[in-house]
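Enquirer: Please see the structure below; I have some questions.
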There are 4 protein chains.
Amino acid sequence: MLLQILKISCEDRPGLISTISHRIAHCGANIVALHESVEQKTNTFFTRIEIEGGDNLTALEEQLRIDFQGARISFGPLKRKKIVLLGTKETHCVGDLLLRCHCGDLPADIVAVISNHSVLKDLVQRFDIPYFHVPHLEMDREEHESKVLSILSELSFDYLVLAKYMRILSENFSRRFPEQMINIHHSFLPAFIGARPYHQAHERGVKVIGATAHFVTNALDEGPIIAQRVEPVDHSCSALKMKHLGRDVERITLAHALELVLEERVFVAENKTIVFE
Amino acid sequence: MLLQILKISCEDRPGLISTISHRIAHCGANIVALHESVEQKTNTFFTRIEIEGGDNLTALEEQLRIDFQGARISFGPLKRKKIVLLGTKETHCVGDLLLRCHCGDLPADIVAVISNHSVLKDLVQRFDIPYFHVPHLEMDREEHESKVLSILSELSFDYLVLAKYMRILSENFSRRFPEQMINIHHSFLPAFIGARPYHQAHERGVKVIGATAHFVTNALDEGPIIAQRVEPVDHSCSALKMKHLGRDVERITLAHALELVLEERVFVAENKTIVFE
Amino acid sequence: MLLQILKISCEDRPGLISTISHRIAHCGANIVALHESVEQKTNTFFTRIEIEGGDNLTALEEQLRIDFQGARISFGPLKRKKIVLLGTKETHCVGDLLLRCHCGDLPADIVAVISNHSVLKDLVQRFDIPYFHVPHLEMDREEHESKVLSILSELSFDYLVLAKYMRILSENFSRRFPEQMINIHHSFLPAFIGARPYHQAHERGVKVIGATAHFVTNALDEGPIIAQRVEPVDHSCSALKMKHLGRDVERITLAHALELVLEERVFVAENKTIVFE
Amino acid sequence: MLLQILKISCEDRPGLISTISHRIAHCGANIVALHESVEQKTNTFFTRIEIEGGDNLTALEEQLRIDFQGARISFGPLKRKKIVLLGTKETHCVGDLLLRCHCGDLPADIVAVISNHSVLKDLVQRFDIPYFHVPHLEMDREEHESKVLSILSELSFDYLVLAKYMRILSENFSRRFPEQMINIHHSFLPAFIGARPYHQAHERGVKVIGATAHFVTNALDEGPIIAQRVEPVDHSCSALKMKHLGRDVERITLAHALELVLEERVFVAENKTIVFE
C-alpha cells in the first residue's frame, strides 16, 4: 500500500502528537512509523510520520494546515527527486552517484552534471546524462558562477549536489538554494576546515580521517551536518594514501546523506540537522 | 521536572498513538520523547514515551489500563535498579560493573556477587559488596544451582547479570528469571556459539571479533540480543591476544546493554529485542 | 623510482631476515617497507618487502632462489592485473568494480563479465567490457559450468571475482583456480553461512550485519578470509532494509579485499590469510 | 622464553635492517616480530624488534651502539612500568586505570594519584594507592604546580597520566617530562581544541564524537597523537548525553594508548607518533 510522508515543524507545545495522531486516526489512516524531536534551544518541534491507508487525505492535509498555522508542513507520497551534480576532476563521488541512480539504489534522477573541467565528461556520457563543461580560467568568480547559474536556470531539479566540486561558492550563489545544496567535505568537520584537509591531517598526525556531508550555507564548511563517517589510519599513511583511502569514506558518506535527504528524513534546524533514520 | 516512563506493548491496530497521546494531553502532561515500533511477524505494537508534568498521573495509568486491556503496561518514574552479578574468575566485566555502579555511571546498585571461585572476592569486597563463593567441585549441576538459587532467594533484585559466568545454566534455573538475566557472550553471535569462541575465531582466521549481550533463555546463546560490538583483528593476533583485545569489547557491550535495560529502553519480542535508544 | 615487491614464504628458521636484507643491501637496493609474520601452527615465515633502487635485480632474485630453495618467491614491479567478474543480477558490486577499474581506483583491467542472467549487460557494455550471458536454465550444474569454463579458457586473467555470483560452484570448478577466486559473502562469516544471510540475520535479531571477502575453496563459505566489515542495524530494519544497507558494506569490503590482493599484500596460509596492509 | 625488545631510531640509510638483523642472527637470537618505518620529512628510520633466545645479549647491545652511533637505542625485556595519575573530579578514567592495573590488564603499577579535589580519594584508597590532594584555590598556577612537582619529586615513576586532569599545565611543568606525560582529550583532535568540547560538538551539530590520547607538549592539545576513537551520535543527544556517552570512548582510548606506550610500541617523531601495533 502506498506510504504517505507527513513532515511538520512548528513551535513546541503540549498536545501536538495528540492532535496530529487524532487527525490521522480520524481519516482512517494507520501510522506505520513516527519520529519526533524537540530542539530545546529554539523550542521547535519536528515530526516525520509514515501513514498508510485512510480516506480523503487531501482533507487531512487541509485540516492539519488549519490546526498548525505557521508550521512548515509537507505531505504526500515519496517521490523520485531530480538532482544536478557539480564536480571538478575527481571521479569517485560523481561516478558513485551515477551508478547508484542508474541502478536504482538512490531514488533520484541525475538531470545534469556541471564541471569546470572536461575530465568527467566521458564517464558521465556513458550514463547518457547531459554534461556541461564550464571552464573557470580567465574568468572571475562572479562571471563563472553566472554561467553555471544560467545553465541551472534552464534545468528543473530538487537538489544540487557538490560531488567534490573544488571551487568555493559565493554568498550570491549559495543563498539561491537554501537547504537544497549538499556538499561532501573530505574531513570530519570541524577538523581541517578549508583547503587540502588530507595534508592537514597528515601534518597533524591524526589516527582517524573522515568525511562530512552537509548542507551548504554562506559560511564555508559551516553548514548543517547531515552525516559523518571516519576511517582509521596510522603513521604509515602518506597524505596521498590518506586521500586514496578517503575516497571510500567520501563516497559512502555522500551517498548515505543524499539517501536520507531524498527519503525526506532530514530537517534543518538553524545550523544543525534533525535526521530520522 | 520528574520524567515518567510509559511503556506499552499490545496487538497493533489503527489509532493507538492517537488514544495514548490524547490521554496524556488530557491530564496536562507533555510528551518529551516518543518511540514506537511494530513487529510485523506477530503484529505487536511497542511504545516507550517520556512524559513531563501533568495532574493525576495515577488516573492516567488507570485509564490506559482500561483502554488497553490485555496489554503489557508499565508506568512511573525511572528508578534505580538492584542487580546481582554472577562471575567466575575473569575480573574485567565484574570490575567494570562494580566501578560504574559505584561511581554512578550506571543507575543500579549491586546487591551481591556470586561466583564458583574465590578469585573475585578481594576486588568485590573493596567495594563493600557481599561476595558469595559457591564452589562447584564434586557437585552436579543441580546441586550447585540449588545452592546459588538458595542465595538468590534471600536477595531482592531486578536483574541477574552473567558477567563472564562460565557455567551453563540449566533450563530449571533460567526459566525462573524470564527477561531478567543478561549474559555477555564473547563473540558476535551467532558466530562461534559455545565454548572458547576466541579459539574458534582464531582457527577460522576472522578479521573482526566481537561481543554480544543478550537475555538468557533456555537455549544456550540463543536468547534475544540486546547489543553487539566488534573490533578489527589481523593475522598477527594469537587466540590469546584476541582474548585480551576482546575484554574491552565485552565490558563495553555488557555495560551498554545493561544501561539500556536499566533505563527501560528494551522490549523483548519473542527471540528479539526492540531497543529505543 | 620504481618499486619492486619481494614476497617470500618458507619454513621459519633463525636468520631469514638477516639473509634477505643482506642480499638486498648487497645489490645496493633500499628497503622502503618490510612486513613479516610467522604462522606458529605450521612454522611458516612470510615476508613482503618493498625495494627501491639497486643494480642487477635479476641476480638478486636468482641468489634468493638459491638461498631459499623450496620457498615460494615472487619478485618484480607491481603490475596491473587482469580480472574476470562473475555476477548474477545485482548491480552494486559489479557496477562498483567497473567504476573503480575504469577510473583507476583499482589497479586492474576487467577483461570480461560473465553472468547467468542478462540484467547486467547494459551496465557492463556502457564500460565497453565484453559481456557473456550463460543462462543456467534447463541445464545441470556441470553443463553450465563447462560453458563458463569454456569462455574462461579463451581469456587471459589473473583473478576471478565473484561479485555477488549467486550460484554454488562445484569442486571441479573451484579447484582449477586455487588462490585465484575471490568471493563476497553477505554476512560476517562464519555467521549465516549459506543462503539468504540477511533473512537469517533478521530472524536472529542481530544488531550488526556485515560482509566477508574470501578466497574460494572447495568448502562453501569456508575459504580464507581476506577482509570483513560490519554495519550497525536495529529492530526497525526489515530483512529487505538490511539487504539494502548491506550493499554498501559488500561493495566496500570486496573492493578493499581486491585492492589488497592486487597490490600483492595477501598470502594464503592454509585456511587463513596473512595481510600486510 | 623471555622476549627482548629492541628499539632503534636514527637517520635513514640503506642497509640498516641488514646490519641489525645480521647482529641479531650472529648472537643466535631469533626475530619474533619486526616493524619498521621511515619518516620521510626528517629522513628518520624507526624499528621495533622482538627477539627470542641468543647468547650474550649485552655484547649485542654494545655492538649495536657502536654500529649506530648517535641513534636512540633501547634494549631489554619488557618491564612493568610505574605511573602517576593526575585527576580532577571525574571518576571514569581514573577508576578504569585503577581497575586495569589492579587486575593485571595493564602492565603498570600506579604509585600515586594526585588531584586538585578530594572527590577521587575514597575510590583511590579502595585500591590502597596513595592519594595526594593538592587544592588549587587561592593559589596561582605556579604555586599550585610547585606543590605538585614537589610531590612528584619524591616519587619514582615512568609516566605521568592526565586522566581527565582539568587544569592547564604551564610550559615550566610540561617541559620537565618530555615524552612522559599522556593526556586524554575529550574530542577527536584537532576538532574542538580547548574547553568544553562536548558543548562545542553539540553546538556544531556533529554526528560523531571522539577522544584523543596524546603526549603533552608545551602547546595545549597539540602534542603527538597516540590513539583516537569515535562514537556516533545524533540530534537527540544533548551536550550532557554526549558527555556521558563520551566517557566510554575516553576510558577506552586512554587505556589503549597507555597499553601501547607501556609495551614500548610508540615512538615520537616531532609532533607525530609512530605506533607499531
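Going by the C-alpha cells order, chains are called A, B, ..., each with residues numbered from 1, while ligands are numbered from 1 in the order shown.
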What residues in range 168-274 of chain D get the DSSP label alpha helix (DSSP H)? Please answer as a count of residues only.
Expert: 36
Enquirer: As a short mmCIF file (atom, residue, chain, number, x, y, z; two decimals) with N, CA and C atoms, in the first residue's frame, could you give me every residue of chain A near chain B (at most 9 Å apart, counting only C-alpha atoms)?
Expert:
```cif
data_model
loop_
_atom_site.label_atom_id
_atom_site.label_comp_id
_atom_site.auth_asym_id
_atom_site.auth_seq_id
_atom_site.Cartn_x
_atom_site.Cartn_y
_atom_site.Cartn_z
N ARG A 13 4.63 22.74 21.82
CA ARG A 13 3.67 22.98 22.91
C ARG A 13 3.02 21.63 23.23
N PRO A 14 2.42 21.48 24.42
CA PRO A 14 1.80 20.19 24.76
C PRO A 14 0.66 19.86 23.80
N GLY A 15 0.47 18.57 23.54
CA GLY A 15 -0.69 18.13 22.77
C GLY A 15 -0.48 18.01 21.27
N LEU A 16 0.73 18.29 20.79
CA LEU A 16 0.95 18.26 19.34
C LEU A 16 0.73 16.86 18.77
N ILE A 17 1.36 15.86 19.38
CA ILE A 17 1.24 14.49 18.85
C ILE A 17 -0.21 14.02 18.97
N SER A 18 -0.86 14.40 20.04
CA SER A 18 -2.26 14.03 20.23
C SER A 18 -3.11 14.58 19.07
N THR A 19 -2.93 15.86 18.76
CA THR A 19 -3.71 16.46 17.68
C THR A 19 -3.43 15.79 16.34
N ILE A 20 -2.13 15.65 16.04
CA ILE A 20 -1.76 15.07 14.74
C ILE A 20 -2.28 13.63 14.62
N SER A 21 -2.05 12.83 15.65
CA SER A 21 -2.43 11.42 15.56
C SER A 21 -3.95 11.27 15.57
N HIS A 22 -4.62 12.18 16.23
CA HIS A 22 -6.09 12.18 16.21
C HIS A 22 -6.60 12.42 14.79
N ARG A 23 -6.04 13.41 14.13
CA ARG A 23 -6.45 13.72 12.75
C ARG A 23 -6.20 12.52 11.83
N ILE A 24 -5.05 11.89 12.02
CA ILE A 24 -4.71 10.74 11.17
C ILE A 24 -5.68 9.58 11.41
N ALA A 25 -5.94 9.30 12.70
CA ALA A 25 -6.87 8.21 13.03
C ALA A 25 -8.27 8.52 12.49
N HIS A 26 -8.64 9.79 12.55
CA HIS A 26 -9.96 10.22 12.14
C HIS A 26 -10.24 9.90 10.67
N GLY A 28 -8.97 7.45 9.13
CA GLY A 28 -8.86 6.00 8.93
C GLY A 28 -7.48 5.53 8.51
N ALA A 29 -6.50 6.42 8.54
CA ALA A 29 -5.14 6.01 8.16
C ALA A 29 -4.41 5.40 9.36
N ASN A 30 -3.39 4.62 9.07
CA ASN A 30 -2.61 3.97 10.12
C ASN A 30 -1.20 4.54 10.14
N ILE A 31 -0.71 4.81 11.33
CA ILE A 31 0.68 5.29 11.47
C ILE A 31 1.62 4.10 11.40
N VAL A 32 2.48 4.09 10.42
CA VAL A 32 3.42 2.99 10.24
C VAL A 32 4.72 3.26 10.99
N ALA A 33 5.14 4.51 10.96
CA ALA A 33 6.35 4.92 11.70
C ALA A 33 6.19 6.36 12.11
N LEU A 34 6.67 6.67 13.32
CA LEU A 34 6.57 8.04 13.83
C LEU A 34 7.88 8.39 14.53
N HIS A 35 8.47 9.49 14.11
CA HIS A 35 9.64 10.03 14.80
C HIS A 35 9.33 11.45 15.21
N GLU A 36 9.80 11.83 16.36
CA GLU A 36 9.63 13.24 16.78
C GLU A 36 10.84 13.66 17.59
N SER A 37 11.07 14.97 17.58
CA SER A 37 12.18 15.51 18.36
C SER A 37 11.88 16.97 18.66
N VAL A 38 12.39 17.43 19.79
CA VAL A 38 12.23 18.84 20.12
C VAL A 38 13.61 19.47 20.27
#
```
Enquirer: Using DSSP secondary structure from the backbone, list all strand (DSSP E) positions within range 14-195 of chain D, as JSON, numbers by chain.
Expert: {"D": [29, 30, 31, 32, 33, 34, 35, 36, 37, 38, 39, 44, 45, 46, 47, 48, 49, 50, 51, 52, 53, 72, 73, 74, 75, 76, 77, 81, 82, 83, 84, 85, 86, 87, 108, 109, 110, 111, 112, 113, 114, 115, 131, 132, 133, 159, 160, 161, 162, 181, 182, 183, 184, 185]}
Enquirer: I'd like the contact shell of Leu189 in chain C - 12 Å cut-off, only C-alpha atoms, skipping same-chain residues fewer than 6 positions apart - returned as a PyMOL selection string.
Expert: (chain B and resi 187-192+201+204-209) or (chain C and resi 197+201+209-214+220-230)
Enquirer: Please list as a short mmCIF file (atom, residue, chain, number, x, y, z; two decimals) with all heavy atoms, in the first residue's frame every residue within 8 Å of range 145-161 of chain A, counting only C-alpha atoms and excluding residues in the same chain fewer than 4 positions away.
Expert:
```cif
data_model
loop_
_atom_site.label_atom_id
_atom_site.label_comp_id
_atom_site.auth_asym_id
_atom_site.auth_seq_id
_atom_site.Cartn_x
_atom_site.Cartn_y
_atom_site.Cartn_z
N LYS A 81 13.30 12.13 -6.79
CA LYS A 81 13.74 13.51 -6.93
C LYS A 81 14.66 13.70 -8.13
O LYS A 81 15.21 12.73 -8.67
CB LYS A 81 14.49 13.94 -5.66
CG LYS A 81 13.73 13.76 -4.36
CD LYS A 81 12.55 14.69 -4.24
CE LYS A 81 11.96 14.67 -2.82
NZ LYS A 81 11.47 13.33 -2.39
N LYS A 82 14.84 14.95 -8.50
CA LYS A 82 15.79 15.30 -9.57
C LYS A 82 16.99 16.02 -8.96
O LYS A 82 16.82 16.93 -8.16
CB LYS A 82 15.11 16.21 -10.59
CG LYS A 82 14.10 15.48 -11.45
CD LYS A 82 13.39 16.43 -12.39
CE LYS A 82 12.40 15.64 -13.24
NZ LYS A 82 11.50 16.53 -14.00
N ILE A 83 18.18 15.59 -9.36
CA ILE A 83 19.37 16.24 -8.81
C ILE A 83 20.33 16.66 -9.92
O ILE A 83 20.35 16.07 -11.00
CB ILE A 83 20.12 15.34 -7.79
CG1 ILE A 83 20.62 14.05 -8.43
CG2 ILE A 83 19.22 15.02 -6.59
CD1 ILE A 83 21.41 13.14 -7.46
N VAL A 84 21.09 17.70 -9.64
CA VAL A 84 22.18 18.13 -10.52
C VAL A 84 23.48 17.97 -9.75
O VAL A 84 23.55 18.32 -8.57
CB VAL A 84 21.99 19.61 -10.93
CG1 VAL A 84 23.23 20.13 -11.67
CG2 VAL A 84 20.75 19.77 -11.79
N LEU A 85 24.49 17.41 -10.41
CA LEU A 85 25.79 17.25 -9.76
C LEU A 85 26.76 18.32 -10.24
O LEU A 85 26.82 18.63 -11.44
CB LEU A 85 26.41 15.88 -10.09
CG LEU A 85 25.59 14.61 -9.87
CD1 LEU A 85 26.49 13.38 -10.06
CD2 LEU A 85 24.95 14.60 -8.49
N LEU A 86 27.50 18.89 -9.30
CA LEU A 86 28.63 19.75 -9.65
C LEU A 86 29.90 19.01 -9.27
O LEU A 86 30.04 18.55 -8.14
CB LEU A 86 28.56 21.07 -8.86
CG LEU A 86 27.98 22.27 -9.61
CD1 LEU A 86 26.49 22.06 -9.84
CD2 LEU A 86 28.22 23.57 -8.85
N VAL A 111 19.81 14.93 -13.57
CA VAL A 111 19.39 15.61 -14.80
C VAL A 111 20.57 16.24 -15.54
O VAL A 111 20.48 16.48 -16.73
CB VAL A 111 18.27 16.65 -14.54
CG1 VAL A 111 17.01 15.97 -14.01
CG2 VAL A 111 18.73 17.72 -13.56
N ILE A 114 27.56 19.28 -14.07
CA ILE A 114 28.25 20.51 -14.47
C ILE A 114 29.65 20.47 -13.86
O ILE A 114 29.81 20.13 -12.68
CB ILE A 114 27.50 21.76 -13.96
CG1 ILE A 114 26.06 21.76 -14.49
CG2 ILE A 114 28.23 23.05 -14.37
CD1 ILE A 114 25.18 22.87 -13.91
N VAL A 134 31.96 24.04 -17.91
CA VAL A 134 32.04 25.49 -17.74
C VAL A 134 33.42 25.84 -17.21
O VAL A 134 33.64 25.89 -15.99
CB VAL A 134 30.95 25.99 -16.76
CG1 VAL A 134 30.92 27.52 -16.72
CG2 VAL A 134 29.59 25.43 -17.11
N ARG A 141 35.20 34.91 -10.26
CA ARG A 141 34.22 34.01 -9.65
C ARG A 141 32.79 34.35 -10.10
O ARG A 141 31.99 33.49 -10.43
CB ARG A 141 34.33 34.07 -8.11
CG ARG A 141 33.48 33.02 -7.38
CD ARG A 141 33.75 33.01 -5.87
NE ARG A 141 35.16 32.97 -5.57
CZ ARG A 141 35.91 31.86 -5.59
NH1 ARG A 141 35.34 30.70 -5.88
NH2 ARG A 141 37.18 31.93 -5.31
N LEU A 169 31.96 28.60 -3.42
CA LEU A 169 30.82 29.30 -4.00
C LEU A 169 30.59 30.62 -3.24
O LEU A 169 30.73 30.68 -2.03
CB LEU A 169 29.57 28.43 -3.91
CG LEU A 169 29.62 27.17 -4.78
CD1 LEU A 169 28.50 26.22 -4.41
CD2 LEU A 169 29.55 27.54 -6.26
N PHE A 173 25.68 32.97 -4.78
CA PHE A 173 25.28 31.68 -5.34
C PHE A 173 24.53 30.85 -4.30
O PHE A 173 23.42 30.37 -4.54
CB PHE A 173 26.52 30.92 -5.82
CG PHE A 173 26.22 29.69 -6.65
CD1 PHE A 173 26.35 29.73 -8.02
CD2 PHE A 173 25.81 28.51 -6.06
CE1 PHE A 173 26.08 28.61 -8.80
CE2 PHE A 173 25.52 27.39 -6.82
CZ PHE A 173 25.66 27.44 -8.20
N GLN A 180 19.06 23.23 -0.23
CA GLN A 180 18.98 22.48 -1.48
C GLN A 180 20.35 22.00 -1.95
O GLN A 180 20.43 21.18 -2.85
CB GLN A 180 18.40 23.38 -2.59
CG GLN A 180 16.89 23.38 -2.69
CD GLN A 180 16.48 24.11 -3.96
OE1 GLN A 180 16.60 25.33 -4.06
NE2 GLN A 180 16.02 23.36 -4.95
N MET A 181 21.40 22.56 -1.37
CA MET A 181 22.75 22.20 -1.82
C MET A 181 23.42 21.32 -0.78
O MET A 181 23.51 21.70 0.40
CB MET A 181 23.60 23.45 -2.01
CG MET A 181 23.38 24.10 -3.36
SD MET A 181 24.87 25.04 -3.83
CE MET A 181 24.72 26.38 -2.68
N ILE A 182 23.95 20.19 -1.23
CA ILE A 182 24.62 19.24 -0.33
C ILE A 182 26.06 19.09 -0.78
O ILE A 182 26.32 18.82 -1.95
CB ILE A 182 23.90 17.88 -0.35
CG1 ILE A 182 22.50 18.07 0.26
CG2 ILE A 182 24.68 16.82 0.40
CD1 ILE A 182 21.48 17.17 -0.34
N ASN A 183 26.98 19.25 0.15
CA ASN A 183 28.40 19.16 -0.16
C ASN A 183 29.04 18.00 0.59
O ASN A 183 28.61 17.64 1.68
CB ASN A 183 29.10 20.47 0.27
CG ASN A 183 30.57 20.48 -0.09
OD1 ASN A 183 30.95 20.10 -1.20
ND2 ASN A 183 31.42 20.89 0.85
#
```
Enquirer: Find the distance between CA of Glu231 in chain C and CA of Glu250 in chain C and write it in Å to one decimal.
Expert: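 Calculated distance between CA of Glu231 in chain C and CA of Glu250 in chain C is 10.4 Å.
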Enquirer: Find the spatial neighbours of Arg251 in chain B, counting only C-alpha atoms, within a cut-off of 8 Å - ignore same-chain residues fewer than 3 positions away - and output them as a list in words.
Expert: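 So the residues in contact are His92, Cys93, Asp96, Arg247, Asp248, Leu254 and Ala255 of chain B.
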Enquirer: Restricted to all heavy atoms, what would the selected residues look like written as a CSV table (one decimal), in the first residue's frame?
Expert:
```
chain,number,residue,atom,x,y,z
B,92,HIS,N,37.4,-8.5,34.4
B,92,HIS,CA,37.2,-7.2,33.6
B,92,HIS,C,35.7,-6.8,33.6
B,92,HIS,O,35.4,-5.6,33.8
B,92,HIS,CB,37.7,-7.3,32.2
B,92,HIS,CG,37.2,-8.4,31.4
B,92,HIS,ND1,37.5,-9.7,31.6
B,92,HIS,CD2,36.4,-8.4,30.3
B,92,HIS,CE1,36.9,-10.5,30.7
B,92,HIS,NE2,36.2,-9.7,30.0
B,93,CYS,N,34.8,-7.7,33.4
B,93,CYS,CA,33.4,-7.3,33.4
B,93,CYS,C,32.8,-7.0,34.8
B,93,CYS,O,32.2,-6.0,35.1
B,93,CYS,CB,32.5,-8.4,32.7
B,93,CYS,SG,32.7,-8.4,31.0
B,96,ASP,N,34.4,-3.8,36.0
B,96,ASP,CA,33.8,-2.7,35.3
B,96,ASP,C,32.5,-2.3,35.8
B,96,ASP,O,32.1,-1.1,36.0
B,96,ASP,CB,33.7,-3.0,33.8
B,96,ASP,CG,33.5,-1.8,32.9
B,96,ASP,OD1,34.3,-0.9,32.9
B,96,ASP,OD2,32.4,-1.8,32.3
B,247,ARG,N,38.4,-8.3,25.8
B,247,ARG,CA,38.0,-7.8,27.1
B,247,ARG,C,37.3,-6.4,27.0
B,247,ARG,O,36.3,-6.2,27.6
B,247,ARG,CB,39.1,-7.7,28.0
B,247,ARG,CG,39.5,-9.0,28.6
B,247,ARG,CD,40.7,-8.9,29.5
B,247,ARG,NE,41.4,-10.2,29.7
B,247,ARG,CZ,42.6,-10.3,30.1
B,247,ARG,NH1,43.4,-9.3,30.3
B,247,ARG,NH2,43.1,-11.5,30.2
B,248,ASP,N,37.9,-5.5,26.2
B,248,ASP,CA,37.3,-4.2,26.2
B,248,ASP,C,35.9,-4.2,25.4
B,248,ASP,O,35.0,-3.5,25.8
B,248,ASP,CB,38.2,-3.2,25.5
B,248,ASP,CG,39.2,-2.6,26.5
B,248,ASP,OD1,39.0,-2.8,27.7
B,248,ASP,OD2,40.0,-1.8,26.0
B,254,LEU,N,28.6,-5.2,27.5
B,254,LEU,CA,27.7,-5.5,28.6
B,254,LEU,C,27.2,-4.3,29.3
B,254,LEU,O,26.0,-4.2,29.6
B,254,LEU,CB,28.5,-6.4,29.6
B,254,LEU,CG,27.7,-6.8,30.8
B,254,LEU,CD1,26.4,-7.5,30.5
B,254,LEU,CD2,28.6,-7.7,31.7
B,255,ALA,N,28.1,-3.3,29.6
B,255,ALA,CA,27.7,-2.1,30.3
B,255,ALA,C,26.7,-1.3,29.4
B,255,ALA,O,25.7,-0.8,30.0
B,255,ALA,CB,28.9,-1.2,30.5
```
Enquirer: Just give me the gap between CA of Tyr165 in chain C and CA of Leu137 in chain C in Å, one decimal is fine.
Expert: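 Result for CA of Tyr165 in chain C versus CA of Leu137 in chain C: 15.4 Å, one decimal.
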Enquirer: Rounded to one decimal in Å, what is the spacing between CA of Val261 in chain B and CA of Gln4 in chain B?
Expert: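 Computing it gives 15.9 Å between the two atoms.
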Enquirer: Residues at most 10 Å from Leu106 in chain A, counting only C-alpha atoms, excluding those fewer than 2 positions away in the same chain, as a PyMOL selection string?
Expert: chain A and resi 80-81+97-104+108-109+255-256+258-260+262-263
Enquirer: Using the selection just defined, write its residues with N, CA, C and O atoms as a tab-separated table (two decimals), in the first residue's frame.
Expert:
```tsv
chain	number	residue	atom	x	y	z
A	80	ARG	N	10.35	10.32	-6.47
A	80	ARG	CA	11.69	10.31	-7.01
A	80	ARG	C	12.11	11.75	-7.29
A	80	ARG	O	11.37	12.51	-7.90
A	81	LYS	N	13.30	12.13	-6.79
A	81	LYS	CA	13.74	13.51	-6.93
A	81	LYS	C	14.66	13.70	-8.13
A	81	LYS	O	15.21	12.73	-8.67
A	97	LEU	N	27.58	8.23	-7.66
A	97	LEU	CA	26.19	8.68	-7.72
A	97	LEU	C	25.55	8.33	-9.07
A	97	LEU	O	24.38	7.96	-9.13
A	98	LEU	N	26.34	8.42	-10.14
A	98	LEU	CA	25.83	7.99	-11.46
A	98	LEU	C	25.37	6.55	-11.38
A	98	LEU	O	24.29	6.19	-11.85
A	99	LEU	N	26.22	5.72	-10.77
A	99	LEU	CA	25.94	4.29	-10.68
A	99	LEU	C	24.71	4.02	-9.81
A	99	LEU	O	23.81	3.26	-10.19
A	100	ARG	N	24.66	4.65	-8.65
A	100	ARG	CA	23.55	4.41	-7.72
A	100	ARG	C	22.21	4.86	-8.30
A	100	ARG	O	21.19	4.18	-8.13
A	101	CYS	N	22.20	6.01	-8.98
A	101	CYS	CA	20.94	6.48	-9.57
A	101	CYS	C	20.57	5.59	-10.75
A	101	CYS	O	19.40	5.24	-10.93
A	102	HIS	N	21.56	5.21	-11.53
A	102	HIS	CA	21.30	4.36	-12.70
A	102	HIS	C	20.71	3.02	-12.28
A	102	HIS	O	19.81	2.49	-12.93
A	103	CYS	N	21.23	2.45	-11.21
A	103	CYS	CA	20.83	1.10	-10.80
A	103	CYS	C	19.65	1.09	-9.84
A	103	CYS	O	19.21	0.03	-9.41
A	104	GLY	N	19.18	2.27	-9.47
A	104	GLY	CA	18.02	2.32	-8.59
A	104	GLY	C	18.36	2.24	-7.11
A	104	GLY	O	17.47	2.11	-6.28
A	108	ALA	N	16.63	8.85	-7.19
A	108	ALA	CA	16.80	10.15	-7.84
A	108	ALA	C	17.22	9.98	-9.28
A	108	ALA	O	17.81	8.96	-9.66
A	109	ASP	N	16.90	10.98	-10.09
A	109	ASP	CA	17.41	11.05	-11.46
A	109	ASP	C	18.40	12.20	-11.54
A	109	ASP	O	18.09	13.32	-11.10
A	255	ALA	N	26.68	9.47	-0.38
A	255	ALA	CA	25.53	8.68	-0.83
A	255	ALA	C	24.54	8.47	0.31
A	255	ALA	O	23.32	8.54	0.12
A	256	HIS	N	25.07	8.22	1.49
A	256	HIS	CA	24.21	7.99	2.66
A	256	HIS	C	23.42	9.25	3.01
A	256	HIS	O	22.21	9.21	3.25
A	258	LEU	N	22.70	11.72	1.05
A	258	LEU	CA	21.76	12.02	-0.03
A	258	LEU	C	20.52	11.13	0.09
A	258	LEU	O	19.39	11.58	-0.11
A	259	GLU	N	20.74	9.87	0.42
A	259	GLU	CA	19.61	8.96	0.61
A	259	GLU	C	18.68	9.47	1.71
A	259	GLU	O	17.46	9.44	1.57
A	260	LEU	N	19.26	9.94	2.80
A	260	LEU	CA	18.46	10.48	3.91
A	260	LEU	C	17.64	11.67	3.45
A	260	LEU	O	16.45	11.81	3.78
A	262	LEU	N	16.81	12.42	0.28
A	262	LEU	CA	15.85	12.02	-0.76
A	262	LEU	C	14.64	11.31	-0.16
A	262	LEU	O	13.53	11.39	-0.69
A	263	GLU	N	14.86	10.61	0.94
A	263	GLU	CA	13.74	9.94	1.62
A	263	GLU	C	13.05	10.87	2.61
A	263	GLU	O	12.26	10.42	3.43
```
Enquirer: As a list of chain:residue names, please: the residues near range 238-245 of chain A (cut-off 6 Å, only C-alpha atoms, same-chain neighbours under 3 positions excluded).
Expert: A:Tyr198, A:His199, A:His202
